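**Q** Starting off with a structure, shown below.
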Amino acid sequence: MKPQIINPKVVASECCAGLHPQNTMRGFEFCLEAGVDGIEFDVHLSSDGHVVVQHDYHLNRHITRDGSGQWLATKGPAICDLTLAELKTYDVGRYAPGSREAKLYPDYTPIDGERIPTLDALLRTHRDAASEAALWIELKTTPFDRAISSDPQDLLNAVLALVEKYDVVTKTVLLAFEWQVLMAARAACPGIGLDFLTINPAFVKNLYKGKHNVEPGDMYRPLDPAAHGGNLPQTISAAAEGVWWGPFIADVTADDIARAHDAGVMVNVWGVESNDAAIDEALKLNADALTVSDAPLLQRRLG
């Protein structure tokens with residue numbers, strides 16, 4: 001039996017969104033100062049080809065104000081439809097009062113004037129800090145709505161060019177729900193880390209309700225978990241030579257993680273709530289890494 005993992009890697013979700021505005025430069029700088037093991041953030045391509053750091057496919061009205069300081073009244077344009085200059089006109093340094101984000105992260109510190117950063121700027125800051133923190137970069141693409149999603153290959157090419165430029169290939173883990181982009185990454189850059197993300201199929205169906213022919217399994221193609229008895233980590237290990245499996249915390253048990261370890265796959269559990277009780281339960285899973293929005297809280301729990 002695998003011995004209990006005492007100290008999982010501490011990965012700061014969305015640049016420590018529980019303490020600083022999500023996916024911002026200040027949040028990234030804080031993570032470097034806090035000495036976390038890894039910093040997770042999401043990337044898209046702007047319409048003029050820049051890799052930008054933002055979670056949602058559209059500008060999120062709960063975190064976005066326009067040039068006049070007004071909150072967006074509705075869901076904003078798709079990130080991939082805006083130029084970098086257009087994206088830079090928006091302020092993402094505060095959560096809207098009463099929003100889900102404000103309720104979820106009551107201890108965050110707003111920073112008015114914070115702009116959507118580029119991956120280039122984050123990697124330059126990482127280099128200048130001489131940091132050893134791993135860069136957990138989620139490639140935000142979806143096979144179910146290409147109109148709002150960066151082209152997977154174009155986004156991958158742009159990200160790889162930057163991590164190679166800053167010589168951080170061995171410090172980088174690419175995450176994606178769309179496994180084909182990770183397979184392409186392995187072929188193009190064998191030394192880079194990969195994290196094959198998974199989510200409950202019912203969640204995917206609900207997320208894209210109203211759209212026809214949404215098959216959650218399409219996220220994993222060309223791999224086929226059915227060929228491995230539905231065993232996701234075995235699929236990753238045997239078919240993709242994967243290093244990491246990234247399940248949502250509600251979808252995984254300690255036995256699942258033990259089986260992943262038996263298959264030679266490390267596990268990064270995401271979606272861990274930032275409170276003592278939730279972290280204590282997550283630690284019982286014996287995962288290799290936990291992704292949390294308040295990374296210092298997990299650091300303190302680990303002593």
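As shown in the structure tokens, the chain order sets the letters A, B, ...; within each chain, residues go from 1, and ligands are also counted from 1 in the order they appear.
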Could you give me, as a ChimeraX atom specification, the residues within 6 Å of Ser150 (chain A), counting only C-alpha atoms and dropping anything in the same chain fewer than 4 positions from it?
**A** /A:45,80,141
**Q** Could you list, as number ranges by chain, every residue within 10 Å of Glu178 (chain A), counting only C-alpha atoms and ignoring same-chain residues fewer than 5 positions away?
**A** A: 139-143, 152, 183, 196-198, 217-222
**Q** Going by DSSP on the backbone, which residues of region 61-275 of chain A come out as strand (DSSP E)? List them as a PyMOL selection string.
**A** chain A and resi 134-139+172-176+193-198+244-247+266-272
**Q** What's around Ala12 (chain A) at 6 Å? Count only C-alpha atoms, leave out sequence neighbours fewer than 2 positions away in its own chain, and write the answer as a list in words.
**A** Cys15, Cys16, Ile39, Glu40, Thr291, Val292, Ser293 and Ala295 of chain A
**Q** Go ahead and dump the residues you just picked, N, CA and C atoms, as a short mmCIF file (atom, residue, chain, number, x, y, z; two decimals), in the first residue's frame.
**A**
```cif
data_model
loop_
_atom_site.label_atom_id
_atom_site.label_comp_id
_atom_site.auth_asym_id
_atom_site.auth_seq_id
_atom_site.Cartn_x
_atom_site.Cartn_y
_atom_site.Cartn_z
N CYS A 15 -4.15 32.30 -9.17
CA CYS A 15 -3.22 33.26 -8.53
C CYS A 15 -3.71 33.68 -7.15
N CYS A 16 -4.22 32.72 -6.40
CA CYS A 16 -4.69 32.94 -5.03
C CYS A 16 -5.91 33.87 -4.99
N ILE A 39 1.54 27.77 -9.00
CA ILE A 39 0.57 28.84 -9.23
C ILE A 39 -0.26 28.46 -10.44
N GLU A 40 -1.58 28.33 -10.22
CA GLU A 40 -2.48 27.93 -11.30
C GLU A 40 -3.20 29.15 -11.85
N THR A 291 -5.20 22.11 -5.09
CA THR A 291 -5.33 23.45 -5.64
C THR A 291 -6.41 24.20 -4.87
N VAL A 292 -6.00 25.29 -4.22
CA VAL A 292 -6.91 26.03 -3.33
C VAL A 292 -6.77 27.53 -3.60
N SER A 293 -7.85 28.26 -3.33
CA SER A 293 -7.84 29.70 -3.59
C SER A 293 -7.12 30.50 -2.52
N ALA A 295 -4.04 29.71 -0.71
CA ALA A 295 -2.91 28.80 -0.56
C ALA A 295 -2.21 28.93 0.79
#
```
**Q** So, with only C-alpha atoms as the atoms that count, which of A:Ala185, A:Val243, A:Leu290, A:Leu232 lies closest to Leu155 (chain A)?
**A**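 Closest candidate: A:Ala185.
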**Q** Smallest atom-to-atom distance to Ser274 (chain A): which of A:Tyr105, A:Trp71, A:Tyr95, A:Phe248, using only C-alpha atoms?
**A**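 For Ser274 (chain A), the nearest of the candidates is A:Tyr105.
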**Q** Show me, as a PDB file with C-alpha atoms, in the first residue's frame, the residues that have an atom within 9 Å of region 239-241 of chain A when counting only C-alpha atoms, minus same-chain residues fewer than 4 positions from it.
**A**
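Written output follows (part_18.pdb):
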```pdb
ATOM      1  CA  LEU A 182      -2.323  17.871 -24.093  1.00  0.00           C
ATOM      2  CA  MET A 183      -1.500  15.057 -26.500  1.00  0.00           C
ATOM      3  CA  ARG A 186       3.476  15.989 -25.398  1.00  0.00           C
ATOM      4  CA  LEU A 223      -8.308   8.851 -25.934  1.00  0.00           C
ATOM      5  CA  ASP A 224     -11.126   6.518 -24.900  1.00  0.00           C
ATOM      6  CA  GLN A 234      -5.395   4.095 -16.292  1.00  0.00           C
ATOM      7  CA  THR A 235      -6.370   5.766 -19.576  1.00  0.00           C
ATOM      8  CA  VAL A 265      -0.218   8.755 -12.112  1.00  0.00           C
TER       9      VAL A 265
END
```
**Q** With a distance cut-off of 7 Å and only C-alpha atoms, select the neighbouring residues of region 113-126 of chain A, excluding the residue or stretch itself and same-chain residues fewer than 3 positions from it, and output the selection as a ChimeraX atom specification.
**A** /A:24-25,51-54,87-88,90-93,129-131,162,166
**Q** Any idea what's packed within 8 Å of Thr172 (chain A), counting only C-alpha atoms, ignoring anything in its chain fewer than 3 positions away? Could you give it as a ChimeraX atom specification?
**A** /A:134-137,163,168-169,192-193
**Q** Write the residues of the selection above to a file with N, CA and C atoms, as a PDB file, in the first residue's frame.
**A**
```
ATOM      1  N   ALA A 134       6.218  26.165  -9.541  1.00  0.00           N
ATOM      2  CA  ALA A 134       5.745  25.589 -10.793  1.00  0.00           C
ATOM      3  C   ALA A 134       4.607  26.438 -11.354  1.00  0.00           C
ATOM      4  N   LEU A 135       4.498  26.460 -12.669  1.00  0.00           N
ATOM      5  CA  LEU A 135       3.482  27.235 -13.371  1.00  0.00           C
ATOM      6  C   LEU A 135       2.432  26.265 -13.910  1.00  0.00           C
ATOM      7  N   TRP A 136       1.272  26.269 -13.297  1.00  0.00           N
ATOM      8  CA  TRP A 136       0.182  25.377 -13.698  1.00  0.00           C
ATOM      9  C   TRP A 136      -0.748  26.175 -14.616  1.00  0.00           C
ATOM     10  N   ILE A 137      -0.579  26.001 -15.911  1.00  0.00           N
ATOM     11  CA  ILE A 137      -1.247  26.843 -16.912  1.00  0.00           C
ATOM     12  C   ILE A 137      -2.393  26.070 -17.551  1.00  0.00           C
ATOM     13  N   VAL A 163       6.872  29.653 -22.888  1.00  0.00           N
ATOM     14  CA  VAL A 163       7.570  28.904 -21.829  1.00  0.00           C
ATOM     15  C   VAL A 163       8.968  28.506 -22.290  1.00  0.00           C
ATOM     16  N   VAL A 168      11.239  27.829 -18.969  1.00  0.00           N
ATOM     17  CA  VAL A 168      10.521  27.273 -17.822  1.00  0.00           C
ATOM     18  C   VAL A 168       9.745  26.007 -18.212  1.00  0.00           C
ATOM     19  N   VAL A 169      10.178  25.333 -19.253  1.00  0.00           N
ATOM     20  CA  VAL A 169       9.488  24.120 -19.683  1.00  0.00           C
ATOM     21  C   VAL A 169       9.393  23.118 -18.542  1.00  0.00           C
ATOM     22  N   ILE A 192       7.546  18.824 -20.992  1.00  0.00           N
ATOM     23  CA  ILE A 192       6.589  19.646 -20.255  1.00  0.00           C
ATOM     24  C   ILE A 192       5.637  18.763 -19.455  1.00  0.00           C
ATOM     25  N   GLY A 193       5.195  19.258 -18.277  1.00  0.00           N
ATOM     26  CA  GLY A 193       4.245  18.519 -17.462  1.00  0.00           C
ATOM     27  C   GLY A 193       2.834  18.630 -18.011  1.00  0.00           C
TER      28      GLY A 193
END
```
**Q** When distances are computed from only C-alpha atoms, which of A:Ser47, A:Thr109, A:Thr64, A:Asn157 shows the smallest separation from Arg26 (chain A)?
**A** A:Thr109
**Q** Of the candidates A:Ala147, A:Ala85, A:Cys189, A:Ala260, which one gets nearest to Ala161 (chain A) if we count only C-alpha atoms?
**A** A:Cys189
**Q** DSSP on the backbone, helix (DSSP H, G or I) only: what residues of region 170-281 of chain A does that give? Format it as a ChimeraX atom specification.
**A** /A:170-171,179-188,201-207,216-220,225-228,232-240,249-251,254-262,276-281
**Q** Go through A:Leu82, A:Leu174, A:Lys103, A:Asn206 and flag the residue nearest Leu156 (chain A), using only C-alpha atoms for the distances.
**A** A:Leu174
